[in-house]
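Asks: Contents of work-v9.pdb (PDB, C-alpha atoms and all ligand atoms) are given next:
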```
ATOM      1  CA  MET A 690       0.000   0.000   0.000
ATOM      2  CA  GLU A 691       1.151   3.518  -0.761
ATOM      3  CA  THR A 692      -0.088   6.541   1.162
ATOM      4  CA  ILE A 693      -0.100   9.890  -0.589
ATOM      5  CA  ALA A 694      -1.318  13.334   0.445
ATOM      6  CA  PHE A 695      -2.410  16.476  -1.318
ATOM      7  CA  PHE A 696      -1.134  19.364   0.745
ATOM      8  CA  ASN A 697      -0.579  23.067   0.597
ATOM      9  CA  LEU A 698      -0.516  25.548   3.412
ATOM     10  CA  LYS A 699      -2.306  27.870   1.005
ATOM     11  CA  GLY A 700      -6.078  27.504   0.658
ATOM     12  CA  GLY A 701      -8.090  27.157  -2.528
ATOM     13  CA  VAL A 702      -5.263  25.965  -4.758
ATOM     14  CA  GLY A 703      -6.807  22.689  -5.947
ATOM     15  CA  LYS A 704      -5.847  20.115  -3.291
ATOM     16  CA  THR A 705      -9.309  18.618  -2.991
ATOM     17  CA  THR A 706     -10.068  18.787  -6.708
ATOM     18  CA  SER A 707      -6.823  16.952  -7.372
ATOM     19  CA  ALA A 708      -7.310  14.392  -4.598
ATOM     20  CA  VAL A 709     -10.784  13.490  -5.889
ATOM     21  CA  ASN A 710      -9.751  13.270  -9.544
ATOM     22  CA  ILE A 711      -6.593  11.292  -8.853
ATOM     23  CA  ALA A 712      -8.574   8.932  -6.590
ATOM     24  CA  TRP A 713     -10.975   8.344  -9.490
ATOM     25  CA  HIS A 714      -8.131   7.586 -11.910
ATOM     26  CA  ALA A 715      -6.409   5.182  -9.516
ATOM     27  CA  ALA A 716      -9.671   3.353  -8.809
ATOM     28  CA  ASN A 717     -10.539   3.282 -12.489
ATOM     29  CA  GLU A 718      -7.268   1.432 -13.113
ATOM     30  CA  GLY A 719      -8.382  -1.241 -10.684
ATOM     31  CA  ILE A 720      -6.356  -0.084  -7.683
ATOM     32  CA  PRO A 721      -8.422  -0.403  -4.494
ATOM     33  CA  THR A 722      -8.320   3.199  -3.323
ATOM     34  CA  LEU A 723      -9.342   4.902  -0.098
ATOM     35  CA  LEU A 724      -9.721   8.668   0.076
ATOM     36  CA  TRP A 725      -9.554  10.011   3.616
ATOM     37  CA  ASP A 726     -11.050  13.479   3.879
ATOM     38  CA  LEU A 727      -9.117  15.026   6.760
ATOM     39  CA  ASP A 728     -10.460  18.539   6.256
ATOM     40  CA  PRO A 729     -13.377  19.617   8.488
ATOM     41  CA  GLN A 730     -14.668  21.612   5.489
ATOM     42  CA  GLY A 731     -15.540  18.205   4.014
ATOM     43  CA  ALA A 732     -15.226  19.303   0.389
ATOM     44  CA  ALA A 733     -13.926  15.949  -0.906
ATOM     45  CA  SER A 734     -16.789  14.142   0.865
ATOM     46  CA  TRP A 735     -19.275  16.582  -0.599
ATOM     47  CA  LEU A 736     -17.875  16.191  -4.117
ATOM     48  CA  LEU A 737     -18.147  12.410  -3.834
ATOM     49  CA  ASN A 738     -21.670  12.703  -2.499
ATOM     50  CA  SER A 739     -20.722  11.140   0.808
ATOM     51  CA  LYS A 740     -21.646  11.948   4.384
ATOM     52  CA  ALA A 741     -20.240  10.604   7.629
ATOM     53  CA  LYS A 742     -22.568   7.955   9.077
ATOM     54  CA  THR A 743     -22.653   9.350  12.557
ATOM     55  CA  LYS A 744     -20.929  12.176  14.279
ATOM     56  CA  THR A 745     -17.305  11.107  14.375
ATOM     57  CA  ALA A 746     -15.983  11.583  17.869
ATOM     58  CA  PRO A 747     -12.240  11.915  17.246
ATOM     59  CA  LYS A 748     -11.593  10.861  20.826
ATOM     60  CA  LYS A 749     -13.262   7.512  20.190
ATOM     61  CA  ILE A 750     -11.205   6.904  17.069
ATOM     62  CA  LEU A 751      -8.023   7.926  18.778
ATOM     63  CA  ASN A 752      -8.543   5.761  21.824
ATOM     64  CA  GLY A 753      -9.593   2.829  19.656
ATOM     65  CA  LYS A 754     -13.233   2.720  20.850
ATOM     66  CA  THR A 755     -14.453   3.296  17.287
ATOM     67  CA  PRO A 756     -12.393   1.211  14.846
ATOM     68  CA  ILE A 757     -11.438   3.494  11.976
ATOM     69  CA  GLY A 758     -12.715   0.864   9.507
ATOM     70  CA  GLU A 759     -16.252   1.656  10.677
ATOM     71  CA  LEU A 760     -15.976   5.107   9.150
ATOM     72  CA  VAL A 761     -15.285   3.806   5.639
ATOM     73  CA  LYS A 762     -18.047   4.224   3.078
ATOM     74  CA  SER A 763     -18.255   3.055  -0.485
ATOM     75  CA  THR A 764     -18.769   5.566  -3.282
ATOM     76  CA  ASP A 765     -20.625   5.393  -6.609
ATOM     77  CA  TYR A 766     -17.356   4.241  -8.212
ATOM     78  CA  ALA A 767     -15.842   0.750  -8.267
ATOM     79  CA  ASN A 768     -12.662   0.390  -6.169
ATOM     80  CA  LEU A 769     -13.146   3.798  -4.556
ATOM     81  CA  ASP A 770     -14.018   4.139  -0.880
ATOM     82  CA  ILE A 771     -13.982   7.209   1.320
ATOM     83  CA  ILE A 772     -13.697   8.181   4.948
ATOM     84  CA  PRO A 773     -15.949  11.230   4.852
ATOM     85  CA  SER A 774     -15.067  14.244   6.888
ATOM     86  CA  ASP A 775     -17.046  15.388   9.831
ATOM     87  CA  PHE A 776     -17.145  18.851  11.335
ATOM     88  CA  SER A 777     -16.010  17.385  14.650
ATOM     89  CA  LEU A 778     -12.654  16.761  12.947
ATOM     90  CA  ARG A 779     -11.872  20.343  13.876
ATOM     91  CA  HIS A 780     -11.095  19.002  17.351
ATOM     92  CA  LEU A 781      -8.764  16.315  16.003
ATOM     93  CA  ASP A 782      -5.724  18.539  16.144
ATOM     94  CA  GLN A 783      -6.199  19.265  19.820
ATOM     95  CA  GLN A 784      -6.541  15.545  20.537
ATOM     96  CA  LEU A 785      -3.442  14.707  18.526
ATOM     97  CA  ALA A 786      -1.493  17.407  20.368
ATOM     98  CA  GLN A 787      -2.515  15.915  23.723
ATOM     99  CA  GLN A 788      -1.457  12.454  22.605
ATOM    100  CA  ASN A 789       1.826  13.905  21.333
ATOM    101  CA  GLU A 790       2.521  15.379  24.746
ATOM    102  CA  GLN A 791       1.979  11.953  26.255
ATOM    103  CA  GLY A 792       4.697  10.641  23.927
ATOM    104  CA  LYS A 793       2.332   8.423  21.935
ATOM    105  CA  ARG A 794       3.343   7.384  18.431
ATOM    106  CA  ASN A 795       2.069   9.086  15.270
ATOM    107  CA  LEU A 796      -1.653   8.383  15.320
ATOM    108  CA  ILE A 797      -2.282   9.036  11.652
ATOM    109  CA  THR A 798       0.375   6.455  10.722
ATOM    110  CA  LYS A 799      -1.156   4.019  13.187
ATOM    111  CA  LEU A 800      -4.662   4.557  11.830
ATOM    112  CA  VAL A 801      -3.626   4.225   8.179
ATOM    113  CA  GLU A 802      -1.520   1.065   8.641
ATOM    114  CA  PRO A 803      -4.332  -1.525   8.808
ATOM    115  CA  PHE A 804      -5.772  -0.294   5.488
ATOM    116  CA  GLY A 805      -2.854  -2.084   3.803
ATOM    117  CA  GLU A 806      -4.989  -5.243   3.975
ATOM    118  CA  ASN A 807      -7.720  -3.880   1.716
ATOM    119  CA  TYR A 808      -6.280  -0.993  -0.261
ATOM    120  CA  GLY A 809      -3.429  -0.404  -2.685
ATOM    121  CA  LEU A 810      -3.585   3.373  -2.350
ATOM    122  CA  VAL A 811      -4.645   5.688   0.468
ATOM    123  CA  ILE A 812      -5.082   9.351  -0.455
ATOM    124  CA  LEU A 813      -5.183  12.007   2.264
ATOM    125  CA  ASP A 814      -6.899  15.293   1.484
ATOM    126  CA  CYS A 815      -5.365  17.820   3.900
ATOM    127  CA  PRO A 816      -6.729  21.046   5.334
ATOM    128  CA  PRO A 817      -4.882  24.247   4.390
ATOM    129  CA  SER A 818      -2.878  24.616   7.577
ATOM    130  CA  PHE A 819       0.260  23.735   9.431
ATOM    131  CA  SER A 820      -0.734  21.815  12.517
ATOM    132  CA  VAL A 821      -0.038  18.677  14.529
ATOM    133  CA  LEU A 822      -2.318  16.866  12.087
ATOM    134  CA  THR A 823      -0.366  17.999   9.039
ATOM    135  CA  GLU A 824       2.935  17.219  10.766
ATOM    136  CA  GLN A 825       1.682  13.680  11.333
ATOM    137  CA  ILE A 826       0.594  13.506   7.694
ATOM    138  CA  PHE A 827       4.095  14.617   6.641
ATOM    139  CA  GLU A 828       5.534  11.591   8.448
ATOM    140  CA  THR A 829       2.866   9.179   7.253
ATOM    141  CA  ALA A 830       2.682   9.908   3.534
ATOM    142  CA  ASP A 831       5.105   8.158   1.193
ATOM    143  CA  SER A 832       4.750  11.123  -1.161
ATOM    144  CA  LEU A 833       3.100  14.521  -0.964
ATOM    145  CA  TYR A 834       1.756  16.492  -3.903
ATOM    146  CA  LEU A 835       1.510  20.263  -3.674
ATOM    147  CA  PRO A 836      -0.683  22.085  -6.164
ATOM    148  CA  ILE A 837       0.838  25.478  -6.861
ATOM    149  CA  ILE A 838      -0.690  28.377  -8.744
ATOM    150  CA  PRO A 839       2.206  29.919 -10.705
ATOM    151  CA  THR A 840       2.625  33.005  -8.544
ATOM    152  CA  HIS A 841       5.377  34.168  -6.219
ATOM    153  CA  LEU A 842       3.239  33.809  -3.099
ATOM    154  CA  SER A 843       2.373  30.193  -3.936
ATOM    155  CA  LEU A 844       6.024  29.392  -4.418
ATOM    156  CA  ARG A 845       6.708  30.927  -1.035
ATOM    157  CA  THR A 846       4.341  28.499   0.682
ATOM    158  CA  PHE A 847       6.111  25.640  -1.111
ATOM    159  CA  GLU A 848       9.426  26.961   0.163
ATOM    160  CA  GLN A 849       8.063  27.170   3.718
ATOM    161  CA  THR A 850       6.984  23.542   3.555
ATOM    162  CA  ARG A 851      10.296  22.418   2.069
ATOM    163  CA  ASP A 852      12.207  24.306   4.774
ATOM    164  CA  PHE A 853      10.041  22.725   7.451
ATOM    165  CA  PHE A 854      10.926  19.288   6.058
ATOM    166  CA  LYS A 855      14.632  20.088   6.078
ATOM    167  CA  GLU A 856      14.567  21.554   9.590
ATOM    168  CA  ASN A 857      12.726  18.520  10.906
ATOM    169  CA  LYS A 858      14.871  15.960   9.080
ATOM    170  CA  LEU A 859      11.968  14.819   6.936
ATOM    171  CA  LYS A 860      12.845  13.737   3.413
ATOM    172  CA  ALA A 861      12.035  16.746   1.217
ATOM    173  CA  LYS A 862      12.397  14.520  -1.860
ATOM    174  CA  ARG A 863       8.913  13.271  -1.078
ATOM    175  CA  LEU A 864       7.496  16.709  -1.910
ATOM    176  CA  HIS A 865       6.268  16.976  -5.483
ATOM    177  CA  ALA A 866       4.861  20.287  -6.618
ATOM    178  CA  PHE A 867       2.733  20.703  -9.714
ATOM    179  CA  PHE A 868       1.215  23.788 -11.286
ATOM    180  CA  THR A 869      -2.556  24.215 -11.156
ATOM    181  CA  MET A 870      -5.052  26.783 -12.392
ATOM    182  CA  VAL A 871      -2.606  27.727 -15.105
ATOM    183  CA  ASP A 872      -3.793  30.603 -17.261
ATOM    184  CA  ARG A 873      -1.545  30.957 -20.282
ATOM    185  CA  ARG A 874      -2.904  34.436 -20.981
ATOM    186  CA  ARG A 875      -0.973  35.597 -17.932
ATOM    187  CA  SER A 876       2.671  36.316 -18.551
ATOM    188  CA  LEU A 877       3.849  35.281 -15.073
ATOM    189  CA  HIS A 878       2.197  31.883 -15.560
ATOM    190  CA  ARG A 879       3.867  31.438 -18.943
ATOM    191  CA  VAL A 880       7.269  32.449 -17.586
ATOM    192  CA  MET A 881       7.077  30.143 -14.556
ATOM    193  CA  LEU A 882       6.038  27.182 -16.678
ATOM    194  CA  ALA A 883       8.792  27.791 -19.175
ATOM    195  CA  HIS A 884      11.415  28.301 -16.439
ATOM    196  CA  PRO A 885      10.317  26.471 -13.287
ATOM    197  CA  PRO A 886      12.251  27.694 -10.246
ATOM    198  CA  LYS A 887      15.048  25.372  -9.077
ATOM    199  CA  MET A 888      13.287  24.567  -5.833
ATOM    200  CA  LEU A 889      10.665  22.648  -7.844
ATOM    201  CA  LYS A 890      13.195  20.137  -9.152
ATOM    202  CA  ASN A 891      11.188  17.191  -7.811
ATOM    203  CA  GLY A 892       8.022  18.577  -9.306
ATOM    204  CA  LEU A 893       5.683  16.816 -11.688
ATOM    205  CA  THR A 894       5.830  17.792 -15.341
ATOM    206  CA  THR A 895       2.066  17.910 -15.882
ATOM    207  CA  SER A 896       0.321  21.196 -15.215
ATOM    208  CA  ILE A 897      -3.406  21.651 -14.760
ATOM    209  CA  PRO A 898      -5.018  24.482 -16.734
ATOM    210  CA  TYR A 899      -7.567  26.861 -15.302
ATOM    211  CA  ALA A 900     -10.947  25.785 -16.719
ATOM    212  CA  ALA A 901     -14.531  26.576 -15.756
ATOM    213  CA  VAL A 902     -15.568  22.931 -16.272
ATOM    214  CA  VAL A 903     -13.771  22.058 -13.014
ATOM    215  CA  GLU A 904     -16.424  23.993 -11.095
ATOM    216  CA  ARG A 905     -19.034  21.675 -12.598
ATOM    217  CA  MET A 906     -17.741  18.904 -10.336
ATOM    218  CA  GLY A 907     -19.918  20.683  -7.762
ATOM    219  CA  ASP A 908     -23.020  20.543  -9.990
ATOM    220  CA  HIS A 909     -22.509  16.833 -10.660
ATOM    221  CA  ARG A 910     -21.121  16.034  -7.214
ATOM    222  CA  ALA A 911     -18.709  13.806  -9.095
ATOM    223  CA  PRO A 912     -15.050  13.590 -10.133
ATOM    224  CA  LEU A 913     -14.324  15.390 -13.394
ATOM    225  CA  PRO A 914     -13.537  12.256 -15.483
ATOM    226  CA  ALA A 915     -16.864  10.727 -14.422
ATOM    227  CA  PHE A 916     -18.749  13.241 -16.599
ATOM    228  CA  ASP A 917     -16.077  14.720 -18.868
ATOM    229  CA  LYS A 918     -13.104  12.939 -20.343
ATOM    230  CA  ALA A 919     -12.542  15.105 -23.385
ATOM    231  CA  SER A 920     -11.686  18.561 -22.034
ATOM    232  CA  ALA A 921      -8.060  19.645 -21.826
ATOM    233  CA  VAL A 922      -8.241  19.866 -18.029
ATOM    234  CA  SER A 923      -9.675  16.353 -17.722
ATOM    235  CA  ARG A 924      -6.915  14.998 -19.965
ATOM    236  CA  ALA A 925      -4.391  16.890 -17.841
ATOM    237  CA  TYR A 926      -5.676  15.089 -14.732
ATOM    238  CA  ALA A 927      -5.317  11.724 -16.526
ATOM    239  CA  GLN A 928      -1.731  12.711 -17.353
ATOM    240  CA  LEU A 929      -1.115  13.905 -13.796
ATOM    241  CA  TRP A 930      -2.077  10.456 -12.511
ATOM    242  CA  GLN A 931       0.448   8.861 -14.902
ATOM    243  CA  ASP A 932       3.037  11.309 -13.580
ATOM    244  CA  ILE A 933       2.188  10.546  -9.969
ATOM    245  CA  LYS A 934       2.573   6.822 -10.644
ATOM    246  CA  THR A 935       6.182   7.353 -11.689
ATOM    247  CA  THR A 936       6.881   8.701  -8.187
ATOM    248  CA  LEU A 937       5.323   5.698  -6.453
ATOM    249  CA  SER A 938       7.213   2.471  -5.947
ATOM    250  CA  GLU A 939       4.259   0.084  -6.130
ATOM    251  CA  PHE A 940       2.569   1.023  -9.377
TER     252      PHE A 940
HETATM  253  N1  LIG B1001      -8.028  23.836 -12.635
HETATM  254  C1  LIG B1001      -9.026  24.550 -12.141
HETATM  255  N2  LIG B1001      -9.694  25.443 -12.901
HETATM  256  C2  LIG B1001     -10.712  26.195 -12.401
HETATM  257  N3  LIG B1001     -11.150  26.106 -11.153
HETATM  258  C3  LIG B1001     -10.538  25.219 -10.325
HETATM  259  C4  LIG B1001      -9.449  24.405 -10.760
HETATM  260  N4  LIG B1001      -9.054  23.632  -9.722
HETATM  261  C5  LIG B1001      -9.854  23.946  -8.694
HETATM  262  N5  LIG B1001     -10.752  24.888  -9.038
HETATM  263  C6  LIG B1001     -11.794  25.505  -8.194
HETATM  264  O1  LIG B1001     -11.139  26.274  -7.199
HETATM  265  C7  LIG B1001     -11.789  26.137  -5.936
HETATM  266  C8  LIG B1001     -10.812  25.587  -4.907
HETATM  267  O2  LIG B1001     -10.424  24.271  -5.282
HETATM  268  P1  LIG B1001     -10.174  23.139  -4.181
HETATM  269  O3  LIG B1001     -11.307  23.077  -3.239
HETATM  270  O4  LIG B1001      -9.779  21.908  -4.900
HETATM  271  O5  LIG B1001      -8.912  23.778  -3.452
HETATM  272  P2  LIG B1001      -8.292  23.353  -2.035
HETATM  273  O6  LIG B1001      -6.829  23.656  -2.131
HETATM  274  O7  LIG B1001      -8.658  21.978  -1.677
HETATM  275  O8  LIG B1001      -9.016  24.387  -1.071
HETATM  276  P3  LIG B1001      -8.973  24.370   0.554
HETATM  277  O9  LIG B1001      -7.630  24.915   0.897
HETATM  278  O10 LIG B1001     -10.097  25.277   0.956
HETATM  279  O11 LIG B1001      -9.140  22.949   0.995
HETATM  280  C9  LIG B1001     -12.976  25.214  -6.182
HETATM  281  O12 LIG B1001     -14.114  26.013  -6.394
HETATM  282  C10 LIG B1001     -12.609  24.460  -7.450
HETATM  283  O13 LIG B1001     -13.729  24.073  -8.196
HETATM  284 MG    MG B1002      -9.554  21.238   0.082
END
```
How does this structure look as structure tokens?

Replies:
Amino acid sequence: METIAFFNLKGGVGKTTSAVNIAWHAANEGIPTLLWDLDPQGAASWLLNSKAKTKTAPKKILNGKTPIGELVKSTDYANLDIIPSDFSLRHLDQQLAQQNEQGKRNLITKLVEPFGENYGLVILDCPPSFSVLTEQIFETADSLYLPIIPTHLSLRTFEQTRDFFKENKLKAKRLHAFFTMVDRRRSLHRVMLAHPPKMLKNGLTTSIPYAAVVERMGDHRAPLPAFDKASAVSRAYAQLWQDIKTTLSEF
């Protein structure tokens, strides 16, 4: 099993859109895939038309009273399951911090481990923050993918994450940036794509264009390739999945 995460400290850059579309592509190739929506906003759950069964009490998951497997739901797509988000996840960070203080091991790693029995790929959709939760995700994920809008401020958030990895002796090679919401009418976007900054040397080569059809995922409550395979942005997501596979050891 491989565990991957879509992360960026910056909000609204395409983490969830990418997580949902890549999950669809992996599942469509026959890889048993689990998408864990770790963001209390619950956007990935909403896009996949999924709701948590009951109110998730993070405490009960963390102390083992609710086995995490009980939170898994199937989706409308073969090979694709989800752990939907719940608003009570907003307390998860506090709980993880308490457990950290008690010297307990990385809970996210511990919770993900047993999924190796049933899934080939676990995808974590992260909230836009730096927190105990995201630090645990950094340790758990085999690879992390960071959507970046080609602007200086977006690059800065990538740099902050990379520096955090270095300072904390985490392998920064696991960080793979890729450009999203690319608008070739904008000169800065064109320049950055033509001359990607050195710090993105482990980045993916595929870039995702800005396209209004992406917003229609919300109308359909479905991944983009489930209702549109022909548009340039949908083809870019198919290509992005191929790119991501080259960074994974198991596929
Ligand atoms: N390539 C794209 N072209 C046009 N719109 C896009 C594209 N990718 C994402 N969007 C839109 O941008 C908004 C933010 O996308 P998304 O929710 O995936 O970002 P996010 O990084 O997960 O946000 P958050 O930080 O709030 O979790 C959504 O309305 C989405 O439909
Ligand atoms: Mg999101």

Asks: Could I get the residue neighbourhood of ligand LIG 1001 (chain B) at 9 Å, counting all atoms listed in the file, as a PDB file with C-alpha atoms, keeping the file's coordinate frame?

Replies:
```pdb
ATOM      1  CA  PHE A 695      -2.410  16.476  -1.318  1.00  0.00           C
ATOM      2  CA  PHE A 696      -1.134  19.364   0.745  1.00  0.00           C
ATOM      3  CA  ASN A 697      -0.579  23.067   0.597  1.00  0.00           C
ATOM      4  CA  LEU A 698      -0.516  25.548   3.412  1.00  0.00           C
ATOM      5  CA  LYS A 699      -2.306  27.870   1.005  1.00  0.00           C
ATOM      6  CA  GLY A 700      -6.078  27.504   0.658  1.00  0.00           C
ATOM      7  CA  GLY A 701      -8.090  27.157  -2.528  1.00  0.00           C
ATOM      8  CA  VAL A 702      -5.263  25.965  -4.758  1.00  0.00           C
ATOM      9  CA  GLY A 703      -6.807  22.689  -5.947  1.00  0.00           C
ATOM     10  CA  LYS A 704      -5.847  20.115  -3.291  1.00  0.00           C
ATOM     11  CA  THR A 705      -9.309  18.618  -2.991  1.00  0.00           C
ATOM     12  CA  THR A 706     -10.068  18.787  -6.708  1.00  0.00           C
ATOM     13  CA  SER A 707      -6.823  16.952  -7.372  1.00  0.00           C
ATOM     14  CA  ALA A 708      -7.310  14.392  -4.598  1.00  0.00           C
ATOM     15  CA  VAL A 709     -10.784  13.490  -5.889  1.00  0.00           C
ATOM     16  CA  ASP A 728     -10.460  18.539   6.256  1.00  0.00           C
ATOM     17  CA  GLN A 730     -14.668  21.612   5.489  1.00  0.00           C
ATOM     18  CA  GLY A 731     -15.540  18.205   4.014  1.00  0.00           C
ATOM     19  CA  ALA A 732     -15.226  19.303   0.389  1.00  0.00           C
ATOM     20  CA  ALA A 733     -13.926  15.949  -0.906  1.00  0.00           C
ATOM     21  CA  ASP A 814      -6.899  15.293   1.484  1.00  0.00           C
ATOM     22  CA  CYS A 815      -5.365  17.820   3.900  1.00  0.00           C
ATOM     23  CA  PRO A 816      -6.729  21.046   5.334  1.00  0.00           C
ATOM     24  CA  PRO A 817      -4.882  24.247   4.390  1.00  0.00           C
ATOM     25  CA  SER A 818      -2.878  24.616   7.577  1.00  0.00           C
ATOM     26  CA  PRO A 836      -0.683  22.085  -6.164  1.00  0.00           C
ATOM     27  CA  THR A 869      -2.556  24.215 -11.156  1.00  0.00           C
ATOM     28  CA  MET A 870      -5.052  26.783 -12.392  1.00  0.00           C
ATOM     29  CA  VAL A 871      -2.606  27.727 -15.105  1.00  0.00           C
ATOM     30  CA  ASP A 872      -3.793  30.603 -17.261  1.00  0.00           C
ATOM     31  CA  ILE A 897      -3.406  21.651 -14.760  1.00  0.00           C
ATOM     32  CA  PRO A 898      -5.018  24.482 -16.734  1.00  0.00           C
ATOM     33  CA  TYR A 899      -7.567  26.861 -15.302  1.00  0.00           C
ATOM     34  CA  ALA A 900     -10.947  25.785 -16.719  1.00  0.00           C
ATOM     35  CA  ALA A 901     -14.531  26.576 -15.756  1.00  0.00           C
ATOM     36  CA  VAL A 902     -15.568  22.931 -16.272  1.00  0.00           C
ATOM     37  CA  VAL A 903     -13.771  22.058 -13.014  1.00  0.00           C
ATOM     38  CA  GLU A 904     -16.424  23.993 -11.095  1.00  0.00           C
ATOM     39  CA  ARG A 905     -19.034  21.675 -12.598  1.00  0.00           C
ATOM     40  CA  MET A 906     -17.741  18.904 -10.336  1.00  0.00           C
ATOM     41  CA  GLY A 907     -19.918  20.683  -7.762  1.00  0.00           C
ATOM     42  CA  VAL A 922      -8.241  19.866 -18.029  1.00  0.00           C
TER      43      VAL A 922
END
```

Asks: The PyMOL selection byres (((chain A and resi 853-856) around 12) and not hetatm) on the file shown: which residues, as JSON, numbers by chain?

Replies: {"A": [698, 819, 820, 823, 824, 826, 827, 828, 833, 846, 847, 848, 849, 850, 851, 852, 857, 858, 859, 860, 861, 862, 863, 864]}

Asks: Could you give me, as a list in words, the residues within 8 Å of segment 719-725 of chain A, counting all atoms listed in the file and dropping anything in the same chain fewer than 2 positions from it?

Replies: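 The residues that qualify are Ala708, Val709, Ala712, Ala715, Ala716, Asn717, Leu727, Asn768, Leu769, Asp770, Ile771, Ile772, Pro773, Ser774, Asn807, Tyr808, Gly809, Leu810, Val811, Ile812, Leu813 and Asp814 of chain A.
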
Asks: Give as number ranges by chain the residues that the PyMOL selection byres (((chain A and resi 934) around 12) and not hetatm) matches when applied to the coordinates above.

Replies: A: 691, 693, 711, 714-715, 718, 720, 810, 832, 834, 865, 893, 927-933, 935-940

Asks: Which one is closest to ligand MG 1002 (chain B): A:Asp908, A:Asp726, A:Asp775, A:Glu759? Count all atoms listed in the file.

Replies: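 With all atoms listed in the file as the atom set, the closest residue is A:Asp726.
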
Asks: Just need the box for segment 862-868 of chain A, edges along x, y and z, holding every atom the file lists for it with 8 Å tacked onto each side, so centre and edge lengths in Å to one decimal, as lines of an AutoDock Vina configuration file.

Replies:
```
center_x = 6.8
center_y = 18.5
center_z = -6.2
size_x = 27.2
size_y = 26.5
size_z = 26.2
```

Asks: Determine the nearest neighbour of ligand MG 1002 (chain B) from the options A:Leu835, A:Leu785, A:Ala883, A:Ala767, counting all atoms listed in the file.

Replies: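 Of the candidates, the smallest distance to ligand MG 1002 (chain B) is held by A:Leu835.
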
Asks: Hey, what's within 12 Å of Lys748 of chain A if we count all atoms listed in the file and toss same-chain stuff fewer than 5 positions away? As a PyMOL selection string, please?

Replies: chain A and resi 753-757+777-785+787-788+796

Asks: To one decimal place in Å, what is the distance between atom CA of Pro912 of chain A and atom CA of Tyr766 of chain A?

Replies: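 Separating atom CA of Pro912 of chain A from atom CA of Tyr766 of chain A is a distance of 9.8 Å.
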
Asks: Missing atoms in segment 889-901 of chain A: fill them in up to N, CA and C atoms and send the result as a PDB file, keeping the file's coordinate frame.

Replies:
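Saved as result-v7.pdb:
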```
ATOM      1  N   LEU A 889      11.694  23.610  -7.437  1.00  0.00           N
ATOM      2  CA  LEU A 889      10.665  22.648  -7.844  1.00  0.00           C
ATOM      3  C   LEU A 889      11.254  21.453  -8.597  1.00  0.00           C
ATOM      4  N   LYS A 890      12.533  21.165  -8.331  1.00  0.00           N
ATOM      5  CA  LYS A 890      13.195  20.137  -9.152  1.00  0.00           C
ATOM      6  C   LYS A 890      12.552  18.741  -9.033  1.00  0.00           C
ATOM      7  N   ASN A 891      11.892  18.485  -7.925  1.00  0.00           N
ATOM      8  CA  ASN A 891      11.188  17.191  -7.811  1.00  0.00           C
ATOM      9  C   ASN A 891       9.740  17.270  -8.251  1.00  0.00           C
ATOM     10  N   GLY A 892       9.420  18.351  -8.917  1.00  0.00           N
ATOM     11  CA  GLY A 892       8.022  18.577  -9.306  1.00  0.00           C
ATOM     12  C   GLY A 892       7.575  17.672 -10.429  1.00  0.00           C
ATOM     13  N   LEU A 893       6.260  17.611 -10.594  1.00  0.00           N
ATOM     14  CA  LEU A 893       5.683  16.816 -11.688  1.00  0.00           C
ATOM     15  C   LEU A 893       5.701  17.678 -12.952  1.00  0.00           C
ATOM     16  N   THR A 894       5.745  17.012 -14.097  1.00  0.00           N
ATOM     17  CA  THR A 894       5.830  17.792 -15.341  1.00  0.00           C
ATOM     18  C   THR A 894       4.453  18.242 -15.834  1.00  0.00           C
ATOM     19  N   THR A 895       3.408  17.533 -15.428  1.00  0.00           N
ATOM     20  CA  THR A 895       2.066  17.910 -15.882  1.00  0.00           C
ATOM     21  C   THR A 895       1.591  19.155 -15.147  1.00  0.00           C
ATOM     22  N   SER A 896       0.962  20.056 -15.884  1.00  0.00           N
ATOM     23  CA  SER A 896       0.321  21.196 -15.215  1.00  0.00           C
ATOM     24  C   SER A 896      -1.169  21.167 -15.549  1.00  0.00           C
ATOM     25  N   ILE A 897      -1.942  21.681 -14.626  1.00  0.00           N
ATOM     26  CA  ILE A 897      -3.406  21.651 -14.760  1.00  0.00           C
ATOM     27  C   ILE A 897      -3.883  23.045 -15.171  1.00  0.00           C
ATOM     28  N   PRO A 898      -4.555  23.146 -16.309  1.00  0.00           N
ATOM     29  CA  PRO A 898      -5.018  24.482 -16.734  1.00  0.00           C
ATOM     30  C   PRO A 898      -6.200  24.975 -15.909  1.00  0.00           C
ATOM     31  N   TYR A 899      -6.361  26.277 -15.896  1.00  0.00           N
ATOM     32  CA  TYR A 899      -7.567  26.861 -15.302  1.00  0.00           C
ATOM     33  C   TYR A 899      -8.715  26.622 -16.282  1.00  0.00           C
ATOM     34  N   ALA A 900      -9.825  26.049 -15.808  1.00  0.00           N
ATOM     35  CA  ALA A 900     -10.947  25.785 -16.719  1.00  0.00           C
ATOM     36  C   ALA A 900     -12.251  25.754 -15.933  1.00  0.00           C
ATOM     37  N   ALA A 901     -13.253  26.446 -16.463  1.00  0.00           N
ATOM     38  CA  ALA A 901     -14.531  26.576 -15.756  1.00  0.00           C
ATOM     39  C   ALA A 901     -15.204  25.221 -15.534  1.00  0.00           C
TER      40      ALA A 901
END
```
